[in-house]
Amino acid sequence: MNTQWETVIGLEIHAQLATKSKIFSGASTAYGAEPNTQACAVDLGLPGVLPVLNEEAVRMAVIFGMAIEAHIAPYSVFARKNYFYPDLPKGYQISQMELPIVGVGHLDIDVDGVVKRIGITRAHLEEDAGKSLHGNFHGLTGIDLNRAGTPLLEIVSEPEMSSAKEAVAYMRKMHELVRYLGICDGNMQEGSFRCDANVSVRPKGQKEFGTRAEIKNINSFKFVEKAINHEIERQIEVIENGGAVVQETRLYDSVKDETRSMRSKEEANDYRYFPDPDLLPVLIDEDFKAQIKAQLPELPQAKKQRFKDDYALDEENATLLTSSRPLADYFETVVKESGCEAKMCANWMTGDLLAALNKADLEITDSPVGHERLAGLLKRISDDTISGKIAKQVFEELWQSTATADEIIEAKGLKQITDTGAIEAIIDKIIADNQDQVEQYRSGKDKVFGFFVGQVMKEMQGKANPGEVNKMLKEKLK
Amino acid sequence: MSLTADDVKKIAHLARLGIEEQDVVSYAKDLSGMLDLMTRMSDLDTDGVEPMAHPMDQVQRLRADVVTEQDNREKFQAIAPQVEAGLYLVPKVIE
């Protein structure tokens with residue numbers, strides 16, 4: 001009864017490619033047009049039409065492949081996936097089965113500060129289907145084929161995520177990446193970015209996977225987490241009650257917050273794929289790849305390496321700061337504006353700033369402390385106006401107000417005391433008041449030294465330069 | 001390889017083909033014959049032969065990403081069995 005369960009999750013993400021025209025026809029892909037005004041003879045699957053592949057869709061798939069450091073197939077083939085549904089007029093979807101355009105790659109996700117590499121099995125090009133509308137049509141179904149033929153990139157992950165949290169992190173990271181690359185607008189409300197999750201559970205330590213269920217219809221980050229968690233609970237309950245999980249497709253109902261079995265599509269998985277005779281193999285040569293590579297923005301991986309090389313950041317900070325483009329931009333701006341050591345900027349960002357943002361559930365783009373004000377604070381640390389400890393206090397003030405670091409330091413009198421005369425007077429007083437400890441120190445109890453530092457700092461309300469205090473104390477206690 | 005009557009019925013259903021019960025046996029025999037031919041081919045030694053993805057020894061031409069199609073909804077819907085509010089109407093697909 002007390003079995004520990006382990007979850008295995010794999011995601012299939014459909015990203016709509018941001019082309020102007022469809023993958024196999026010259027019809028527009030613009031969202032929101034009057035029904036069927038952007039569905040041409042090719043999209044309708046009328047007899048005698050011939051699909052011709054959109055170069056931009058191929059280019060975008062290759063860009064994506066390069067970004068996940070995947071093998072780009074030099075030779076790639078389209079296949080027909082056969083099934084009958086009225087929003088698919090041809091009776092088959094043009095997709096890729098063997099020889100997909102993008103091969104094995106990977107994506108690094110970050111969950112609670114820990115980086116995990118998720119394998120990507122493949123990514124392939126395919127066409128989207130139309131839309132079925134079940135409104136008031138005298139017992140009939142209305143079909144809008146504007147979306148039919150819109151290019152999709154289906155990105156299939158390895159079953160390597162072990163919690164809903166990881167699945168969300170992966171989905172977010174992928175969402176960020178496709179927008180970063182400019183190949184998908186990422187609009188989830190309009191269905192430009194959607195995901196199916198394959199979920200199974202198994203007793204902890206078991207090697208074989210449990211039977212999986214596929215959850216469809218997930219179009220928000222919130223739902224992916226809820227839907228998966230719900231499905232995990234359901235499967236564990238089924239097994240603990242002596243039942244067995246059935247391999248099936250389940251639909252997530254966001255209103256009831258539950259998944260339910262879709263009417264088992266008869267022989268749903270018997271798609272009888274075969275190479276599409278209407279389309280010739282796609283050849284991606286070195287020239288084509290070189291052209292794309294030249295136009296590629298700096299990829300997250302390369303940015304990370306540059307941060308390590310140029311800013312001397314360690315692996316952890318470099319990973320964290322390049323996890324999103326806005327975060328990386330913020331960092332580079334702070335370094336430039338403050339003129340401070342990059343490592344210090346990085347530590348402040350990954351430490352205090354990110355902790356505060358996490359706590360407030362905010363993204364860097366919504367940070368109450370902008371790069372100018374953080375740079376202003378860091379400047380005052382590096383020119384010794386304030387100590388690192390006082391800086392934390394100033395940071396809290398920055399977070400709460402709109403004042404600059406200089407204004408806060410001035411108003412609260414937080415300037416570090418560099419007047420050695422003032423420090424000396426206090427040291428002398430502490431020594432005079434604590435003769436016992438002085439004796440102990442002089443007889444070899446080194447530990448007592450910390451006591452003196454503490455007393456001096458307390459007396460000076462933390463505003464003394466710790467290095468200076470140490471040096472002077474050592475001298476005086478000799 | 002030999003197909004059973006049930007295999008034939010399943011294949012027909014997947015392809016949405018209406019076949020007569022009396023013809024099932026002969027379909028099974030004919031289709032099995034075709035599969036036997038495939039089996040004979042797979043007995044051939046194909047080591048070093050590159051798999052053929054398409055009988056034409058050419059590669060796919062790509063088209064520029066330009067919208068070239070006009071709205072021809074009226075023409076297309078004129079030949080559709082039933083339309084309403086710009087939609088094609090079909091028998092209900094969910095209950």
# chains A, B, ... in the order shown; residues from 1 in each chain; ligands from 1

$ closest_atom_pairs --of "chain B" --to "chain A" --cutoff "9 Å" --atoms "only C-alpha atoms" --output "tab-separated table"
residue	atom	partner	partner_atom	distance
B:Leu14	CA	A:Tyr83	CA	7.7
B:Ala15	CA	A:Tyr83	CA	8.2
B:Arg16	CA	A:Phe84	CA	8.4
B:Ala53	CA	A:Pro281	CA	6.9
B:His54	CA	A:Leu280	CA	6.5
B:Pro55	CA	A:Pro277	CA	8.7
B:Met56	CA	A:Leu280	CA	7.7
B:Asp57	CA	A:Leu280	CA	8.7
B:Gln58	CA	A:Leu280	CA	6.8
B:Val59	CA	A:Pro281	CA	5.2
B:Gln60	CA	A:Leu280	CA	4.5
B:Arg61	CA	A:Leu53	CA	7.2
B:Leu62	CA	A:Glu55	CA	5.1
B:Arg63	CA	A:Asn54	CA	5.0
B:Ala64	CA	A:Glu55	CA	5.7
B:Asp65	CA	A:Ser21	CA	5.7
B:Val66	CA	A:Ser21	CA	5.9
B:Val67	CA	A:Gly26	CA	4.7
B:Thr68	CA	A:Gly26	CA	4.8
B:Glu69	CA	A:Ala27	CA	4.9
B:Gln70	CA	A:Ala27	CA	7.4
B:Asp71	CA	A:Thr37	CA	5.1
B:Asn72	CA	A:Thr37	CA	6.8
B:Arg73	CA	A:Thr37	CA	5.5
B:Glu74	CA	A:Thr37	CA	8.8
B:Phe76	CA	A:Ala41	CA	8.0
B:Val83	CA	A:Gly142	CA	8.1
B:Glu84	CA	A:Gly142	CA	7.8
B:Ala85	CA	A:Pro35	CA	8.0
B:Gly86	CA	A:Pro35	CA	5.5
B:Leu87	CA	A:Ile143	CA	5.3
B:Tyr88	CA	A:Ile143	CA	5.0
B:Leu89	CA	A:Gly142	CA	4.6
B:Val90	CA	A:Thr141	CA	5.3
B:Pro91	CA	A:Leu140	CA	5.0
B:Lys92	CA	A:Leu140	CA	4.6
B:Val93	CA	A:Thr141	CA	6.7
B:Ile94	CA	A:His134	CA	8.3

$ residues_around --residues "range 470-472 of chain A" --least-positions-apart "4" --cutoff "10 Å" --atoms "only C-alpha atoms" --output "PyMOL selection string"
chain A and resi 420+423-424+427+449-450+452-453+456+465-466+476-477

$ write_last_selection --atoms "C-alpha atoms" --output "PDB file, in the first residue's frame"
ATOM      1  CA  THR A 420      40.224  55.584  10.721  1.00  0.00           C
ATOM      2  CA  ILE A 423      37.182  53.437  14.102  1.00  0.00           C
ATOM      3  CA  GLU A 424      40.257  53.619  16.283  1.00  0.00           C
ATOM      4  CA  ILE A 427      38.346  49.918  19.105  1.00  0.00           C
ATOM      5  CA  PHE A 449      39.013  37.789  17.732  1.00  0.00           C
ATOM      6  CA  GLY A 450      35.563  37.342  16.207  1.00  0.00           C
ATOM      7  CA  PHE A 452      35.984  41.981  18.960  1.00  0.00           C
ATOM      8  CA  VAL A 453      35.023  42.355  15.310  1.00  0.00           C
ATOM      9  CA  VAL A 456      33.106  47.022  16.817  1.00  0.00           C
ATOM     10  CA  ASN A 465      34.713  48.729   6.489  1.00  0.00           C
ATOM     11  CA  PRO A 466      35.263  45.168   7.748  1.00  0.00           C
ATOM     12  CA  LYS A 476      45.851  46.967  18.614  1.00  0.00           C
ATOM     13  CA  LEU A 477      45.573  43.507  20.164  1.00  0.00           C
TER      14      LEU A 477
END

$ select_by_dssp --residues "range 209-342 of chain A" --states "strand (DSSP E or B)" --output "VMD selection string"
chain A and resid 213 to 218 249 to 253 258 to 261 274 to 275 282 to 283

$ residues_around --residues "Lys9 in chain B" --least-positions-apart "3" --cutoff "10 Å" --atoms "only C-alpha atoms" --output "PDB file with C-alpha atoms, in the first residue's frame"
ATOM      1  CA  THR B   4      -7.719 -13.790 -42.304  1.00  0.00           C
ATOM      2  CA  ALA B   5     -11.250 -12.662 -43.044  1.00  0.00           C
ATOM      3  CA  ASP B   6     -11.076 -10.464 -39.952  1.00  0.00           C
ATOM      4  CA  ALA B  12     -11.759  -2.223 -45.217  1.00  0.00           C
ATOM      5  CA  HIS B  13     -13.062  -0.418 -42.163  1.00  0.00           C
ATOM      6  CA  LEU B  14      -9.886   1.657 -41.782  1.00  0.00           C
ATOM      7  CA  ALA B  15     -10.152   2.715 -45.410  1.00  0.00           C
ATOM      8  CA  LEU B  17     -14.599   0.757 -47.896  1.00  0.00           C
ATOM      9  CA  GLY B  18     -17.927  -1.031 -48.017  1.00  0.00           C
ATOM     10  CA  ILE B  19     -17.305  -4.615 -49.043  1.00  0.00           C
ATOM     11  CA  GLU B  20     -19.725  -7.489 -49.458  1.00  0.00           C
ATOM     12  CA  GLU B  21     -19.481 -10.332 -46.965  1.00  0.00           C
ATOM     13  CA  VAL B  24     -14.196 -11.315 -48.114  1.00  0.00           C
ATOM     14  CA  TYR B  27     -10.089 -10.501 -51.095  1.00  0.00           C
ATOM     15  CA  ALA B  28      -8.185 -12.325 -48.393  1.00  0.00           C
TER      16      ALA B  28
END

$ select_by_dssp --residues "chain B" --states "alpha helix (DSSP H)" --output "PyMOL selection string"
chain B and resi 5-14+24-42+73-78

$ atom_distance --atom1 "CA of Ala61 in chain A" --atom2 "CA of Ser163 in chain A"
28.2 Å

$ residues_around --residues "range 337-347 of chain A" --least-positions-apart "2" --cutoff "12 Å" --atoms "only C-alpha atoms" --output "NGL selection string"
:A and (307-322 or 327-328 or 330-335 or 349-355 or 370-384 or 388)
